[in-house]
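Asks: Pasting query-v8.txt here (compact mmCIF, C-alpha atoms):
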# COMPACT_ATOMS: atom_id res chain seq x y z
CA MET A 130 7.19 150.77 -68.46
CA ASP A 131 10.60 152.41 -68.73
CA TRP A 132 10.23 155.48 -66.51
CA LEU A 133 13.80 156.59 -67.13
CA GLU A 134 13.16 156.77 -70.86
CA ARG A 135 9.76 158.40 -70.46
CA THR A 136 11.05 161.18 -68.21
CA ALA A 137 14.00 161.73 -70.55
CA LYS A 138 11.62 162.35 -73.46
CA LEU A 139 9.32 164.98 -71.98
CA ARG A 140 7.50 166.90 -74.71
CA GLN A 141 8.82 170.46 -74.77
CA TRP A 142 8.42 173.44 -77.03
CA THR A 143 11.59 173.81 -79.02
CA ARG A 144 13.00 175.86 -81.88
CA SER A 145 16.60 176.29 -82.97
CA GLY A 146 18.10 175.21 -79.64
CA THR A 147 15.70 177.24 -77.50
CA ARG A 148 15.77 176.24 -73.84
CA ALA A 149 12.43 175.22 -72.29
CA PRO A 150 13.29 173.48 -68.98
CA HIS A 151 9.87 174.18 -67.41
CA LYS A 152 8.76 170.53 -67.17
CA PRO A 153 12.17 169.18 -66.06
CA LEU A 154 12.35 171.78 -63.27
CA LEU A 155 8.86 170.88 -62.02
CA LEU A 156 9.69 167.17 -62.16
CA ILE A 157 12.96 167.63 -60.25
CA TYR A 158 11.08 169.68 -57.64
CA ALA A 159 8.40 166.96 -57.38
CA LEU A 160 11.04 164.23 -56.97
CA ALA A 161 12.57 166.18 -54.09
CA ARG A 162 9.16 166.49 -52.41
CA PHE A 163 8.51 162.76 -52.98
CA GLN A 164 11.85 161.97 -51.37
CA GLU A 165 10.79 164.05 -48.39
CA ASP A 166 7.22 162.68 -48.17
CA ALA A 167 6.06 160.05 -50.66
CA ASP A 168 2.39 160.86 -50.00
CA SER A 169 2.61 164.64 -50.31
CA GLU A 170 0.61 166.70 -52.80
CA LEU A 171 1.74 170.04 -54.19
CA ARG A 172 -0.97 172.69 -54.02
CA TYR A 173 -0.26 175.14 -56.82
CA SER A 174 -0.93 178.23 -54.73
CA ALA A 175 1.54 176.98 -52.11
CA VAL A 176 4.40 176.08 -54.46
CA GLU A 177 3.96 178.73 -57.15
CA GLU A 178 6.56 181.02 -55.61
CA ASP A 179 9.11 178.21 -55.33
CA LEU A 180 8.54 177.14 -58.93
CA GLN A 181 8.73 180.70 -60.22
CA GLN A 182 12.05 181.18 -58.45
CA LEU A 183 13.40 178.01 -60.08
CA LEU A 184 12.37 179.27 -63.51
CA THR A 185 13.92 182.66 -62.81
CA GLU A 186 17.24 181.16 -61.69
CA TYR A 187 17.55 178.14 -64.00
CA GLY A 188 15.13 178.83 -66.84
CA PRO A 189 15.52 180.87 -70.03
CA PRO A 190 16.01 184.65 -69.90
CA ASN A 191 12.50 185.40 -71.18
CA LYS A 192 9.62 185.88 -68.77
CA THR A 193 7.74 182.67 -68.06
CA THR A 194 5.28 181.11 -65.61
CA PRO A 195 5.13 177.85 -63.61
CA ALA A 196 1.46 177.43 -64.55
CA TYR A 197 2.53 176.07 -67.94
CA PRO A 198 4.39 172.94 -66.74
CA PHE A 199 1.95 172.38 -63.84
CA HIS A 200 -0.84 171.88 -66.39
CA HIS A 201 1.00 170.44 -69.40
CA LEU A 202 3.17 167.85 -67.61
CA VAL A 203 0.01 165.73 -67.26
CA SER A 204 0.22 164.93 -70.99
CA ASP A 205 3.55 163.14 -70.48
CA GLY A 206 2.01 160.50 -68.22
CA VAL A 207 4.23 161.28 -65.22
CA TRP A 208 2.06 163.85 -63.43
CA GLU A 209 -1.53 164.23 -62.27
CA VAL A 210 -3.58 167.25 -61.23
CA HIS A 211 -6.72 167.42 -59.07
CA THR A 212 -8.88 170.38 -58.09
CA ASP A 213 -11.47 170.88 -55.39
CA SER A 214 -13.98 169.61 -57.96
CA GLY A 215 -12.16 166.37 -58.74
CA PRO A 216 -9.47 164.96 -61.06
CA GLY A 217 -8.20 166.94 -64.03
CA SER A 218 -6.38 170.22 -64.54
CA PRO A 219 -8.40 173.42 -64.97
CA GLY A 220 -5.94 174.69 -67.57
CA SER A 221 -2.70 176.64 -67.65
CA GLY A 222 -4.10 179.95 -66.42
CA LEU A 223 -2.71 181.32 -63.16
CA ARG A 224 -6.13 182.33 -61.86
CA GLU A 225 -7.74 178.98 -62.66
CA LEU A 226 -4.99 177.01 -60.93
CA ARG A 227 -5.07 179.23 -57.85
CA GLU A 228 -8.83 179.49 -57.40
CA SER A 229 -9.65 175.86 -58.18
CA GLY A 230 -7.39 174.57 -55.40
CA ALA A 231 -5.32 172.68 -57.97
CA THR A 232 -2.85 170.16 -56.55
CA GLY A 233 -0.34 168.06 -58.44
CA ARG A 234 1.86 165.08 -57.76
CA LEU A 235 3.69 162.29 -59.56
CA ALA A 236 1.45 159.85 -61.43
CA PRO A 237 0.34 156.82 -59.33
CA GLU A 238 2.28 154.32 -61.46
CA LEU A 239 5.48 156.38 -61.18
CA ARG A 240 5.05 156.73 -57.41
CA ALA A 241 4.64 152.95 -57.15
CA ALA A 242 7.78 152.37 -59.24
CA LEU A 243 9.78 154.77 -57.06
CA ARG A 244 8.63 152.94 -53.93
CA ARG A 245 9.64 149.56 -55.41
CA GLU A 246 13.00 150.81 -56.67
CA PRO A 247 14.34 153.77 -54.66
CA GLN A 248 17.42 154.02 -56.90
CA LEU A 249 15.12 154.92 -59.81
CA LEU A 250 14.58 158.38 -58.31
CA HIS A 251 18.31 159.08 -58.41
CA ARG A 252 18.63 157.82 -61.99
CA ILE A 253 15.71 159.93 -63.22
CA ALA A 254 17.01 163.04 -61.47
CA ARG A 255 20.52 162.63 -62.86
CA SER A 256 19.12 162.06 -66.33
CA LEU A 257 17.07 165.27 -66.13
CA LEU A 258 20.08 167.23 -64.91
CA ASP A 259 22.34 165.88 -67.65
CA LEU A 260 19.80 166.47 -70.41
CA HIS A 261 18.74 170.00 -69.50
CA PHE A 262 21.37 171.83 -67.42
CA ALA A 263 25.07 172.67 -67.47
CA PRO A 264 27.12 170.43 -65.13
CA SER A 265 28.27 173.41 -63.05
CA LEU A 266 24.63 173.94 -61.96
CA HIS A 267 23.74 170.38 -60.90
CA SER A 268 24.80 170.46 -57.25
CA GLU A 269 23.40 173.94 -56.70
CA LEU A 270 20.04 173.02 -58.25
CA CYS A 271 19.76 169.88 -56.10
CA GLU A 272 20.54 171.91 -53.00
CA THR A 273 17.96 174.53 -53.97
CA VAL A 274 15.10 172.02 -54.24
CA GLY A 275 16.34 169.85 -51.34
CA LEU A 276 17.10 166.79 -53.45
CA ASP A 277 19.58 164.35 -51.90
CA LEU A 278 21.30 162.42 -54.67
CA LYS A 279 23.59 159.48 -54.12
CA PRO A 280 26.95 159.49 -55.94
CA ALA A 281 26.57 158.81 -59.65
CA GLU A 282 26.65 155.21 -60.75
CA THR A 283 29.59 154.14 -62.86
CA ASP A 284 27.47 152.60 -65.60
CA GLN A 285 26.16 154.79 -68.42
CA LEU A 286 22.48 155.74 -68.32
CA SER A 287 20.49 154.09 -71.09
CA VAL A 288 19.16 157.49 -72.19
CA ALA A 289 22.59 159.05 -72.74
CA ARG A 290 22.59 160.53 -76.23
CA ARG A 291 26.31 160.65 -76.94
CA GLN A 292 29.67 160.36 -75.29
CA ARG A 293 31.62 163.40 -74.15
CA ASP A 294 35.09 163.92 -75.56
CA ARG A 295 37.44 163.75 -72.57
CA ARG A 296 40.11 165.60 -74.54
CA MET A 297 38.12 168.83 -74.63
CA ARG A 298 39.31 170.12 -71.25
CA GLU A 299 42.98 169.79 -72.16
CA LEU A 300 42.47 171.24 -75.64
CA VAL A 301 40.57 174.28 -74.34
CA LEU A 302 42.95 174.97 -71.46
CA THR A 303 45.89 174.72 -73.84
CA ALA A 304 44.23 177.07 -76.35
CA TYR A 305 43.83 179.67 -73.61
CA GLU A 306 47.30 178.98 -72.19
CA TYR A 307 45.86 177.91 -68.83
CA GLN A 308 44.38 181.34 -68.07
CA CYS A 309 40.81 182.33 -67.33
CA ALA A 310 39.53 184.04 -70.47
CA PHE A 311 37.70 186.59 -68.31
CA CYS A 312 40.15 187.54 -65.57
CA GLY A 313 43.47 185.94 -66.48
CA TYR A 314 43.65 183.75 -63.34
CA ASP A 315 46.27 181.03 -63.85
CA GLY A 316 46.76 179.33 -60.46
CA ARG A 317 48.71 176.09 -60.13
CA ILE A 318 49.91 173.70 -57.46
CA GLY A 319 53.25 172.66 -58.83
CA ALA A 320 52.57 171.84 -62.47
CA VAL A 321 48.86 171.15 -61.93
CA PRO A 322 46.33 173.93 -62.68
CA VAL A 323 43.74 174.48 -59.95
CA GLY A 324 40.40 176.24 -60.23
CA LEU A 325 40.46 176.28 -64.06
CA GLU A 326 37.72 174.59 -66.07
CA ALA A 327 36.67 174.12 -69.69
CA ALA A 328 33.26 175.77 -70.06
CA HIS A 329 30.89 174.93 -72.90
CA VAL A 330 29.47 178.09 -74.49
CA ARG A 331 26.58 176.25 -76.10
CA TRP A 332 25.70 173.65 -73.45
CA TRP A 333 26.45 170.01 -74.20
CA ALA A 334 22.83 169.24 -73.20
CA PHE A 335 21.73 171.38 -76.15
CA ASP A 336 24.00 169.76 -78.74
CA GLY A 337 27.00 171.94 -77.98
CA PRO A 338 30.03 170.13 -79.46
CA ASP A 339 33.16 169.22 -77.52
CA ASP A 340 35.23 171.51 -79.74
CA VAL A 341 37.69 174.28 -78.96
CA ASP A 342 35.48 176.82 -80.75
CA ASN A 343 32.67 176.00 -78.30
CA GLY A 344 34.85 176.31 -75.21
CA LEU A 345 36.34 178.87 -72.86
CA CYS A 346 38.94 178.35 -70.18
CA LEU A 347 37.37 179.91 -67.10
CA CYS A 348 38.12 180.00 -63.40
CA SER A 349 35.53 178.29 -61.20
CA LEU A 350 33.85 181.56 -60.21
CA HIS A 351 33.46 182.91 -63.72
CA HIS A 352 32.39 179.49 -65.06
CA LYS A 353 29.47 179.44 -62.61
CA LEU A 354 28.53 183.06 -63.40
CA PHE A 355 28.74 182.32 -67.14
CA ASP A 356 26.38 179.32 -66.82
CA LYS A 357 24.01 181.35 -64.61
CA GLY A 358 23.73 184.08 -67.24
CA VAL A 359 25.48 186.79 -65.23
CA LEU A 360 28.34 186.89 -67.73
CA GLY A 361 28.40 186.49 -71.49
CA VAL A 362 30.47 187.27 -74.57
CA ASP A 363 29.39 189.50 -77.44
CA ASP A 364 30.09 188.93 -81.13
CA GLY A 365 33.22 191.07 -80.82
CA HIS A 366 34.56 188.69 -78.15
CA ARG A 367 34.15 191.23 -75.37
CA ILE A 368 32.74 190.34 -71.96
CA LEU A 369 29.09 191.06 -71.15
CA VAL A 370 27.93 191.67 -67.56
CA SER A 371 24.20 191.57 -66.88
CA GLN A 372 22.54 194.66 -65.43
CA ARG A 373 20.55 192.25 -63.25
CA PHE A 374 23.71 191.42 -61.31
CA VAL A 375 23.98 193.43 -58.11
CA GLY A 376 27.12 193.53 -56.00
CA HIS A 377 28.26 196.35 -53.74
CA SER A 378 31.44 194.90 -52.26
CA PRO A 379 34.87 195.72 -53.69
CA ALA A 380 35.22 192.03 -54.61
CA SER A 381 31.98 192.07 -56.63
CA ARG A 382 33.00 195.23 -58.42
CA GLU A 383 36.52 194.01 -59.14
CA HIS A 384 35.75 190.41 -60.13
CA VAL A 385 32.46 190.90 -61.96
CA ILE A 386 31.25 194.43 -62.74
CA ALA A 387 34.66 195.68 -63.86
CA LEU A 388 34.76 192.97 -66.53
CA ALA A 389 32.09 194.72 -68.64
CA GLY A 390 33.45 195.46 -72.10
CA ARG A 391 36.86 193.85 -71.59
CA PRO A 392 38.23 191.70 -74.43
CA LEU A 393 38.69 188.00 -73.75
CA VAL A 394 42.10 186.81 -72.64
CA GLY A 395 43.09 184.49 -75.51
CA PRO A 396 42.93 182.20 -77.27
CA GLN A 397 46.53 182.00 -78.39
CA PRO A 398 47.37 182.63 -82.06
CA GLY A 399 46.43 179.67 -84.22
CA ALA A 400 43.66 178.45 -81.87
CA ARG A 401 40.07 178.84 -82.99
CA PRO A 402 38.08 181.52 -81.12
CA VAL A 403 34.52 180.83 -80.01
CA ALA A 404 32.23 180.43 -83.01
CA ALA A 405 29.62 183.12 -83.61
CA ASP A 406 26.65 180.72 -83.60
CA HIS A 407 27.62 179.36 -80.16
CA LEU A 408 27.97 182.90 -78.79
CA ALA A 409 24.55 183.81 -80.22
CA TRP A 410 22.99 180.74 -78.56
CA HIS A 411 24.43 181.62 -75.15
CA THR A 412 23.36 185.26 -75.43
CA SER A 413 19.76 184.37 -76.33
CA GLN A 414 19.31 181.30 -74.12
CA VAL A 415 21.46 181.85 -71.02
CA PHE A 416 22.53 185.47 -70.59
CA HIS A 417 20.05 187.41 -68.46
CA GLY A 418 18.85 190.92 -69.18
CA THR A 419 20.66 193.83 -70.75
CA PRO A 420 24.46 194.16 -70.68
CA ARG A 421 26.05 196.84 -68.52
CA PRO A 422 27.96 199.54 -70.35
CA ALA A 423 31.71 199.05 -70.53
CA THR A 424 33.52 200.28 -67.43
CA ALA A 425 36.08 203.04 -67.69
CA PRO A 426 39.67 201.73 -68.07
In structure tokens, write the structure found in this file.
Replies:
Amino acid sequence: MDWLERTAKLRQWTRSGTRAPHKPLLLIYALARFQEDADSELRYSAVEEDLQQLLTEYGPPNKTTPAYPFHHLVSDGVWEVHTDSGPGSPGSGLRELRESGATGRLAPELRAALRREPQLLHRIARSLLDLHFAPSLHSELCETVGLDLKPAETDQLSVARRQRDRRMRELVLTAYEYQCAFCGYDGRIGAVPVGLEAAHVRWWAFDGPDDVDNGLCLCSLHHKLFDKGVLGVDDGHRILVSQRFVGHSPASREHVIALAGRPLVGPQPGARPVAADHLAWHTSQVFHGTPRPATAP
């Protein structure tokens, strides 16, 4: 059985690029717990808060619950659930999972495969990260769940869907004249730009193309905040700042809150601006909450 392929093809609700990373997040969390203790079981009532926090931080903007993946992941053949009454999930209701003493863990065959081939855990985890999350979030997500990944292998994973275009970074940075589109930062060491990155608006994991009109040149800070849903861009190419973001320091006000309503810096004349459909995807699938009103000039 090809566990890498099976975990890469988890059945998820989907419509028009909608993000539904519930099952991948639970599986990544379970892999971290397996790495810590291969015999551990996850009692729903004990891990519910952890799983809800993961969904809040790395899931879609809409309200959701960890009960859904805890129950439905069983159907993918990689997860099992037991209750105080025996094997089988009581359903996807919060009350049923809590009161039945439901516990979950990786399926026996998958646990056996991970014991035989420890590297498999790293390959599955990297596949899940690549398929469901923006690259800027990978390290942070692993740290959050306590997953210790070895450096990536040089060979391509068999489940990779397509090759990235390595030219995108240079094309996007050139289009924005090596300035952060949000704050104008343009730092260099000699002739080499530092702290500037090409951010996908519609994530590559969700069929976002490696095109200039799906990219923004952003500094490292604003790239991370953009992928976390703190920042966005409206259809008039003005910066959105989520009302859910809270920062009281002068730095937070200056570098984040004060951006609300500002026009993007760039792109230069002749370069394609971000396409409307990519902006709409990011606003609906990544940006969190309601935008703050524009700050006074």
Asks: Report as a list in words all protein, DNA and RNA residues lying within 9 Å of stretch 369-375 of chain A, evaluated on only C-alpha atoms, omitting residues in the same chain fewer than 4 positions from it.
Replies: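 Neighbouring residues, sequence-local ones excluded: Gly358, Val359, Leu360, Gly361, Val362, Asp363, Ser381, Val385, Ile386, Ala387, Leu388, Ala389, Gly390, Arg391, Phe416, His417, Gly418, Thr419, Pro420, Arg421, Pro422 and Ala423 of chain A.
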Asks: Return the single residue from A:Leu223, A:Asp294, A:Gly324, A:Ser413 that is closest to A:Pro190, with distances computed using all atoms listed in the file.
Replies: A:Ser413
Asks: List the neighbours of stretch 394-411 of chain A out to 8 Å using all atoms listed in the file; skip same-chain residues closer than 3 positions along the sequence, and give me the result as a VMD selection string.
Replies: chain A and resid 146 304 to 306 308 to 313 330 to 331 337 341 to 345 361 to 364 414 to 416
Asks: My list of candidates is A:Asp336, A:Arg240, A:Asp259, A:Cys348. Which is closest to A:Tyr307 when distances are computed with all atoms listed in the file?
Replies: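 Going through A:Asp336, A:Arg240, A:Asp259, A:Cys348 one by one, the smallest distance to A:Tyr307 is for A:Cys348.
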Asks: Could you give me, as a Markdown table, a per-residue list for stretch 176-233 of chain A showing, wherever an atom lies at most 7 Å from an atom of stretch 158-171 of chain A, the closest pair of atoms and their distance in Å to one decimal, using all atoms listed in the file and sorting by chain then residue number from low to high?
Replies:
| residue | atom | partner | partner_atom | distance |
| --- | --- | --- | --- | --- |
| A:Val176 | CA | A:Leu171 | CA | 6.6 |
| A:Thr232 | CA | A:Leu171 | CA | 5.2 |
| A:Gly233 | CA | A:Leu171 | CA | 5.1 |
Asks: Taking only C-alpha atoms into account, which of A:Glu186, A:Asp340, A:Glu326, A:Glu383 comes nearest A:Leu270?
Replies: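 For A:Leu270, the nearest of the given residues is A:Glu186.
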Asks: Please produce, as a tab-separated table, a per-residue contact table for stretch 184-296 of chain A versus stretch 131-139 of chain A (criterion: any atom at most 12 Å away, only C-alpha atoms considered), showing the nearest atom pair and its distance in Å to one decimal, sorted by chain then residue number.
Replies:
residue	atom	partner	partner_atom	distance
A:Pro198	CA	A:Leu139	CA	10.7
A:His201	CA	A:Leu139	CA	10.3
A:Leu202	CA	A:Leu139	CA	8.1
A:Val203	CA	A:Leu139	CA	10.5
A:Ser204	CA	A:Leu139	CA	9.2
A:Asp205	CA	A:Leu139	CA	6.2
A:Gly206	CA	A:Arg135	CA	8.3
A:Val207	CA	A:Thr136	CA	7.4
A:Trp208	CA	A:Thr136	CA	10.5
A:Leu235	CA	A:Thr136	CA	11.4
A:Ala236	CA	A:Trp132	CA	11.0
A:Glu238	CA	A:Trp132	CA	9.5
A:Leu239	CA	A:Trp132	CA	7.2
A:Arg240	CA	A:Trp132	CA	10.5
A:Ala241	CA	A:Trp132	CA	11.2
A:Ala242	CA	A:Trp132	CA	8.3
A:Leu243	CA	A:Trp132	CA	9.5
A:Glu246	CA	A:Trp132	CA	11.2
A:Gln248	CA	A:Leu133	CA	11.2
A:Leu249	CA	A:Leu133	CA	7.6
A:Leu250	CA	A:Leu133	CA	9.0
A:His251	CA	A:Leu133	CA	10.1
A:Arg252	CA	A:Leu133	CA	7.2
A:Ile253	CA	A:Leu133	CA	5.5
A:Ala254	CA	A:Leu133	CA	9.2
A:Arg255	CA	A:Leu133	CA	10.0
A:Ser256	CA	A:Ala137	CA	6.6
A:Leu257	CA	A:Ala137	CA	6.4
A:Leu258	CA	A:Ala137	CA	10.0
A:Asp259	CA	A:Ala137	CA	9.8
A:Leu260	CA	A:Ala137	CA	7.5
A:His261	CA	A:Ala137	CA	9.6
A:Leu286	CA	A:Leu133	CA	8.8
A:Ser287	CA	A:Glu134	CA	7.8
A:Val288	CA	A:Glu134	CA	6.2
A:Ala289	CA	A:Ala137	CA	9.3
A:Arg290	CA	A:Ala137	CA	10.4
